[in-house]
Amino acid sequence: MSITATGTAADAAEVVVGRSSLTADDVVAVARGGARVRLADDALKALADGRDRVRALAEGERPAYGVSTGFGALATRHIAPDLRARLQRSLVRSHAAGSGPEVEREVVRALMLLRLRTLASGGTGVEPATARALAGLLNAGITPVVLEYGSLGCSGDLAPLSHVALALMGEGEVRDASGALRPADDALRAAGLEPVELGAKEGLALINGTDGMLGMLLLACHDLERLLRTADVTAAMSVEALLGTDRVFAADLQQMRPHPGQADAAANMLALLDGSPIVASHRGPDCTRVQDAYSLRCAPQVAGAARDTLAHARTVAERELAAVIDNPVITPDGRVESNGNFHGAPVGYVLDFLAIAAADVASIAERRTDRMLDVARSHGLPAFLADDPGVDSGHMIAQYTQAGLVSEMKRLAAPASVDSIPSSAMQEDHVSMGWAAARKLRRAVAALTDVLAVELLTAARALDLRSPLEPGPATGAVRDAVRTRVPGPGPDRYLAPEIAEVAALIADGTVVSAAGSVTPLR
C-alpha cells in the first residue's frame with residue numbers, strides 16, 4: 001500500500017490499498033490530506049477468496065461464531081439462516097451506541113482507512129462490494145458521525161466502528177464533503193453510492209478492530225515528531241535569551257550516556273546556537289556563572305527521552321499496521337478461528353506513554369518561560385518582559401496559561417490502560433481502555449503545541465530585548481518567522497491571538513522549516 005500521484009499535479013494523491021501494509025504517511029494523507037483510496041487487484045482477489053470461505057461456513061451445519069451464532073455473551077445461540085442478515089443489521093444498530101461530542105473528521109477517516117486495510121487482507125470474509133463501499137465513502141468525503149464515548153478498547157473500537165458501519169447501511173448521520181450534517185441515506189445517494197446490504201459475518205467484520213486507537217496513535221506520532229523538533233528550537237532560544245551556555249550540549253558529553261534521542265536533541269541545540277553573538281558575549285573569563293538551571297542544561301535529556309519513547313511508539317504502530325484484526329478471523333490456510341488479537345493493550349500502553357512524555361516536555365518548557373519572566377533569574381531582562389513593568393504586565397498571564405496547560409497535561413498523563421471495567425455479562429472481563437488513552441493523548445498533543453507557542457513567543461521577545469546583541473542565524477530565522485505574524489516588544493496588547501498565531505506557525509511546520517533553512521534538524 002503506497003501513495004501514488006494521480007494524473008496531473010492538481011489531482012489529489014491516491015493511496016492504493018492492497019494486501020501489504022499501509023504506511024503512517026498513507027494514513028495521514030487520507031485522514032488529513034483528503035487523498036483518495038483504491039483497492040488493489042490482489043486485495044479484490046483476497047476479498048473474494050475470504051468471502052467464499054465464509055459462505056461455505058454459513059451453509060454448513062457446524063455453528064461458527066459470528067456467522068451462525070450470536071455475539072459476546074450471546075454466542076451460544078444458533079441463528080437460523082433466514083435470520084442471519086437481520087443478525088448483522090441488528091449487531092451494527094445496537095452497537096452504534098456512542099454518546100458525547102463528535103469525534104474529529106481526521107480521526108474518523110483514519111479509522112475508516114485502517115478498517116478498509118484489514119478488510120483488504122481477505123481475513124475478515126466480507127464481500128468485495130462492501131470494501132468498495134467503504135472506499136467510496138472515503139473518496140466522496142462522507143464522514144460518519146462518530147461519538148466520543150462507547151469504546152472500551154477491547155473487541156476493538158466497537159461503538160465508533162459501528163457508527164461507520166451504520167452509515168454504510170444508509171442509516172444514522174454523516175457529514176458530507178462540505179461538512180454539512182445529513183442523514184446517511186441522503187448523503188450516499190447524492191454521492192452516487194448505494195447502501196450496503198450486509199451478509200453473514202459482515203457486520204462483525206466491520207466493527208471488530210483497533211482502528212480508532214491506532215489511527216489516533218499514528219496522527220499523534222506525526223504531530224509529536226514535529227513538536228519535539230520545535231521543543232529543541234524553543235529550548236535553544238530560551239538558553240540564548242537567558243545567557244546560558246552551549247558547552248553542555250557537546251557531542252562527547254552526550255556520548256557518555258548513549259541514548260539516541262538525547263544525542264539528537266543535543267546536536268539540534270548545539271547547531272541552533274552555533275554562531276550566536278549572544279552566547280559568545282559571555283563565553284570569556286568575565287562570566288562568573290558556573291552552570292545553568294536544569295531546565296536549560298537538561299533540555300536534551302528530557303526531549304531525548306521523549307524522542308526515544310516516540311520511536312518505541314512508532315515500532316508498535318508499524319506492527320499494528322501489519323496486523324489483521326477480526327474475530328473470528330480467516331487464517332492464511334483457510335481456517336476460521338476465534339482469537340484475542342482485538343485487545344488494545346499494545347496500542348493503549350504506548351498511547352499512555354506518549355502522554356507522559358508530552359507532559360514532561362511541556363513541564364520543562366514552562367519552567368524556562370517562567371525563568372525568562374523573573375527579574376531575579378533572567379540576568380538583566382525586564383520583569384515579565386514588560387515594556388513598563390508595573391504599568392504593563394508583559395507575559396505574566398501568558399505564563400499562567402502555560403502553567404494551566406501543563407497542569408492539565410499532568411492529569412492527562414494518568415494512564416488509562418491500567419483501568420479495566422468488565423462488560424458483556426463478564427464475557428469481556430478485561431478491557432484495554434486504549435480508545436480513552438488515545439482521546440486524552442490528542443488533548444495532550446494540542447496542549448503541548450500551545451505550551452511551546454508561549455515559550456517561543458516569550459523567547460522571541462526576550463531575544464529582541466537583548467539588542468544590540470543578536471541571536472544566532474538559526475534562532476534568528478525563527479524569531480524573524482514569528483515576527484511575520486506577531487510584532488516585537490512594546491506596551492501591553494491583546495495576547496491570546498498572538499499565542500494562537502504562534503501555535504499555528506508550530507502546527508504548520510513553519511518554525512521547524514525556518515530553523516532548518518539554516519541548519520538541518522535531526
# chains A, B, ... in the order shown; residues from 1 in each chain; ligands from 1
>>> closest_atom_pairs(of="segment 127-230 of chain A", to="segment 359-379 of chain A", cutoff="12 Å", atoms="only C-alpha atoms", output="CSV")
residue,atom,partner,partner_atom,distance
A:Leu224,CA,A:Val361,CA,10.8
A:Leu227,CA,A:Val361,CA,9.7
A:Leu228,CA,A:Val361,CA,8.2
A:Arg229,CA,A:Val361,CA,11.3
A:Thr230,CA,A:Val361,CA,10.8
>>> write_last_selection(atoms="N, CA, C and O atoms", output="PDB file, in the first residue's frame")
ATOM      1  N   LEU A 224       3.877  14.681  17.043  1.00  0.00           N
ATOM      2  CA  LEU A 224       4.934  14.757  18.058  1.00  0.00           C
ATOM      3  C   LEU A 224       6.319  14.811  17.441  1.00  0.00           C
ATOM      4  O   LEU A 224       7.229  15.415  18.025  1.00  0.00           O
ATOM      5  N   LEU A 227       6.669  18.411  16.951  1.00  0.00           N
ATOM      6  CA  LEU A 227       6.680  19.146  18.217  1.00  0.00           C
ATOM      7  C   LEU A 227       7.979  18.942  18.984  1.00  0.00           C
ATOM      8  O   LEU A 227       8.459  19.873  19.651  1.00  0.00           O
ATOM      9  N   LEU A 228       8.572  17.755  18.904  1.00  0.00           N
ATOM     10  CA  LEU A 228       9.830  17.537  19.614  1.00  0.00           C
ATOM     11  C   LEU A 228      10.976  18.295  18.950  1.00  0.00           C
ATOM     12  O   LEU A 228      11.885  18.776  19.641  1.00  0.00           O
ATOM     13  N   ARG A 229      10.947  18.425  17.642  1.00  0.00           N
ATOM     14  CA  ARG A 229      11.937  19.307  16.989  1.00  0.00           C
ATOM     15  C   ARG A 229      11.699  20.756  17.406  1.00  0.00           C
ATOM     16  O   ARG A 229      12.649  21.512  17.643  1.00  0.00           O
ATOM     17  N   THR A 230      10.431  21.140  17.467  1.00  0.00           N
ATOM     18  CA  THR A 230      10.099  22.504  17.900  1.00  0.00           C
ATOM     19  C   THR A 230      10.582  22.748  19.327  1.00  0.00           C
ATOM     20  O   THR A 230      11.073  23.845  19.648  1.00  0.00           O
TER      21      THR A 230
END
>>> residues_around(residues="Val107 of chain A", least_positions_apart="4", cutoff="9 Å", atoms="only C-alpha atoms", output="ChimeraX atom specification")
/A:31-32,103,111-112,212-213,215-216,219
>>> residues_around(residues="Asp223 of chain A", least_positions_apart="4", cutoff="10 Å", atoms="only C-alpha atoms", output="MDAnalysis selection string")
chainID A and resid 217:219 227:228 442 445:446 449 507:509
>>> atom_distance(atom1="atom CA of Thr519 of chain A", atom2="atom CA of Val406 of chain A")
29.7 Å
>>> closest_residue(among="A:Gly141, A:Gly476, A:Gly304, A:Pro422", to="Leu456 of chain A", atoms="only C-alpha atoms")
A:Gly476
>>> atom_distance(atom1="atom CA of Ala460 of chain A", atom2="atom CA of Pro489 of chain A")
9.2 Å
>>> residues_around(residues="Asp274 of chain A", least_positions_apart="5", cutoff="9 Å", atoms="only C-alpha atoms", output="MDAnalysis selection string")
chainID A and resid 246 269 279 472:474
>>> write_last_selection(atoms="all heavy atoms", output="PDB file, in the first residue's frame")
ATOM      1  N   ASP A 246      26.250  26.821  25.687  1.00  0.00           N
ATOM      2  CA  ASP A 246      26.011  25.698  24.780  1.00  0.00           C
ATOM      3  C   ASP A 246      27.015  24.569  24.991  1.00  0.00           C
ATOM      4  O   ASP A 246      26.921  23.525  24.351  1.00  0.00           O
ATOM      5  CB  ASP A 246      26.043  26.169  23.327  1.00  0.00           C
ATOM      6  CG  ASP A 246      27.395  26.765  22.926  1.00  0.00           C
ATOM      7  OD1 ASP A 246      28.267  26.953  23.812  1.00  0.00           O
ATOM      8  OD2 ASP A 246      27.581  27.053  21.726  1.00  0.00           O
ATOM      9  N   MET A 269      20.314  21.390  19.419  1.00  0.00           N
ATOM     10  CA  MET A 269      20.508  22.615  20.187  1.00  0.00           C
ATOM     11  C   MET A 269      21.872  23.232  19.932  1.00  0.00           C
ATOM     12  O   MET A 269      22.011  24.453  19.828  1.00  0.00           O
ATOM     13  CB  MET A 269      20.296  22.335  21.678  1.00  0.00           C
ATOM     14  CG  MET A 269      18.844  22.003  22.001  1.00  0.00           C
ATOM     15  SD  MET A 269      18.522  21.865  23.777  1.00  0.00           S
ATOM     16  CE  MET A 269      18.776  23.556  24.309  1.00  0.00           C
ATOM     17  N   VAL A 279      25.478  34.128  22.814  1.00  0.00           N
ATOM     18  CA  VAL A 279      26.217  33.083  23.535  1.00  0.00           C
ATOM     19  C   VAL A 279      27.690  33.451  23.620  1.00  0.00           C
ATOM     20  O   VAL A 279      28.333  33.305  24.674  1.00  0.00           O
ATOM     21  CB  VAL A 279      26.019  31.712  22.863  1.00  0.00           C
ATOM     22  CG1 VAL A 279      26.928  30.667  23.486  1.00  0.00           C
ATOM     23  CG2 VAL A 279      24.556  31.264  22.977  1.00  0.00           C
ATOM     24  N   GLY A 472      21.690  33.897  17.139  1.00  0.00           N
ATOM     25  CA  GLY A 472      22.389  33.187  16.091  1.00  0.00           C
ATOM     26  C   GLY A 472      21.577  33.108  14.810  1.00  0.00           C
ATOM     27  O   GLY A 472      20.385  33.438  14.787  1.00  0.00           O
ATOM     28  N   PRO A 473      22.190  32.656  13.713  1.00  0.00           N
ATOM     29  CA  PRO A 473      21.480  32.595  12.431  1.00  0.00           C
ATOM     30  C   PRO A 473      20.205  31.751  12.486  1.00  0.00           C
ATOM     31  O   PRO A 473      19.170  32.157  11.960  1.00  0.00           O
ATOM     32  CB  PRO A 473      22.519  31.986  11.487  1.00  0.00           C
ATOM     33  CG  PRO A 473      23.842  32.323  12.094  1.00  0.00           C
ATOM     34  CD  PRO A 473      23.616  32.283  13.578  1.00  0.00           C
ATOM     35  N   ALA A 474      20.260  30.571  13.125  1.00  0.00           N
ATOM     36  CA  ALA A 474      19.098  29.688  13.135  1.00  0.00           C
ATOM     37  C   ALA A 474      17.997  30.209  14.045  1.00  0.00           C
ATOM     38  O   ALA A 474      16.822  30.295  13.655  1.00  0.00           O
ATOM     39  CB  ALA A 474      19.510  28.283  13.558  1.00  0.00           C
TER      40      ALA A 474
END
>>> residues_around(residues="Gly125 of chain A", least_positions_apart="4", cutoff="6 Å", atoms="only C-alpha atoms", output="list of chain:residue names")
A:Gly50, A:Arg51, A:Val54
>>> closest_residue(among="A:Lys410, A:Arg314, A:Arg226, A:Arg38", to="Ser513 of chain A", atoms="only C-alpha atoms")
A:Arg226
>>> closest_residue(among="A:Gly390, A:Pro277, A:Gly434, A:Gly490", to="Pro468 of chain A", atoms="only C-alpha atoms")
A:Pro277
>>> atom_distance(atom1="atom CA of Gln301 of chain A", atom2="atom CA of Ala236 of chain A")
13.5 Å
>>> closest_atom_pairs(of="segment 274-380 of chain A", to="segment 423-428 of chain A", cutoff="12 Å", atoms="only C-alpha atoms", output="tab-separated table")
residue	atom	partner	partner_atom	distance
A:Gly340	CA	A:Glu428	CA	10.6
A:Phe342	CA	A:Glu428	CA	11.5
A:His343	CA	A:Glu428	CA	10.1
>>> write_last_selection(atoms="all heavy atoms", output="PDB file, in the first residue's frame")
ATOM      1  N   GLY A 340      -7.930 -13.491  20.260  1.00  0.00           N
ATOM      2  CA  GLY A 340      -7.974 -12.308  21.117  1.00  0.00           C
ATOM      3  C   GLY A 340      -7.159 -11.145  20.592  1.00  0.00           C
ATOM      4  O   GLY A 340      -6.821 -10.231  21.355  1.00  0.00           O
ATOM      5  N   PHE A 342      -7.895  -8.599  19.020  1.00  0.00           N
ATOM      6  CA  PHE A 342      -8.556  -7.298  19.062  1.00  0.00           C
ATOM      7  C   PHE A 342      -8.253  -6.536  20.348  1.00  0.00           C
ATOM      8  O   PHE A 342      -8.615  -5.376  20.481  1.00  0.00           O
ATOM      9  CB  PHE A 342     -10.071  -7.489  18.956  1.00  0.00           C
ATOM     10  CG  PHE A 342     -10.590  -8.544  19.887  1.00  0.00           C
ATOM     11  CD1 PHE A 342     -10.656  -8.333  21.250  1.00  0.00           C
ATOM     12  CD2 PHE A 342     -10.975  -9.778  19.389  1.00  0.00           C
ATOM     13  CE1 PHE A 342     -11.105  -9.323  22.108  1.00  0.00           C
ATOM     14  CE2 PHE A 342     -11.437 -10.774  20.243  1.00  0.00           C
ATOM     15  CZ  PHE A 342     -11.506 -10.545  21.610  1.00  0.00           C
ATOM     16  N   HIS A 343      -7.616  -7.166  21.332  1.00  0.00           N
ATOM     17  CA  HIS A 343      -7.352  -6.475  22.600  1.00  0.00           C
ATOM     18  C   HIS A 343      -6.357  -5.343  22.369  1.00  0.00           C
ATOM     19  O   HIS A 343      -5.313  -5.538  21.740  1.00  0.00           O
ATOM     20  CB  HIS A 343      -6.799  -7.459  23.632  1.00  0.00           C
ATOM     21  CG  HIS A 343      -6.909  -6.967  25.036  1.00  0.00           C
ATOM     22  ND1 HIS A 343      -6.098  -5.962  25.532  1.00  0.00           N
ATOM     23  CD2 HIS A 343      -7.746  -7.309  26.051  1.00  0.00           C
ATOM     24  CE1 HIS A 343      -6.426  -5.725  26.788  1.00  0.00           C
ATOM     25  NE2 HIS A 343      -7.425  -6.535  27.137  1.00  0.00           N
TER      26      HIS A 343
END
>>> closest_residue(among="A:Gln291, A:Ser21, A:Thr130, A:Gln399", to="Leu198 of chain A", atoms="only C-alpha atoms")
A:Thr130
>>> select_by_dssp(residues="segment 357-513 of chain A", states="strand (DSSP E or B)", output="list in words")
Pro389, Asp392, Ser423 and Glu428 of chain A
>>> select_by_dssp(residues="segment 165-399 of chain A", states="alpha helix (DSSP H)", output="ChimeraX atom specification")
/A:165-168,184-190,202-207,211-241,251-255,260-273,277-281,294-297,299-321,345-373,396-399
>>> residues_around(residues="Ile278 of chain A", least_positions_apart="3", cutoff="9 Å", atoms="only C-alpha atoms", output="count of residues only")
12
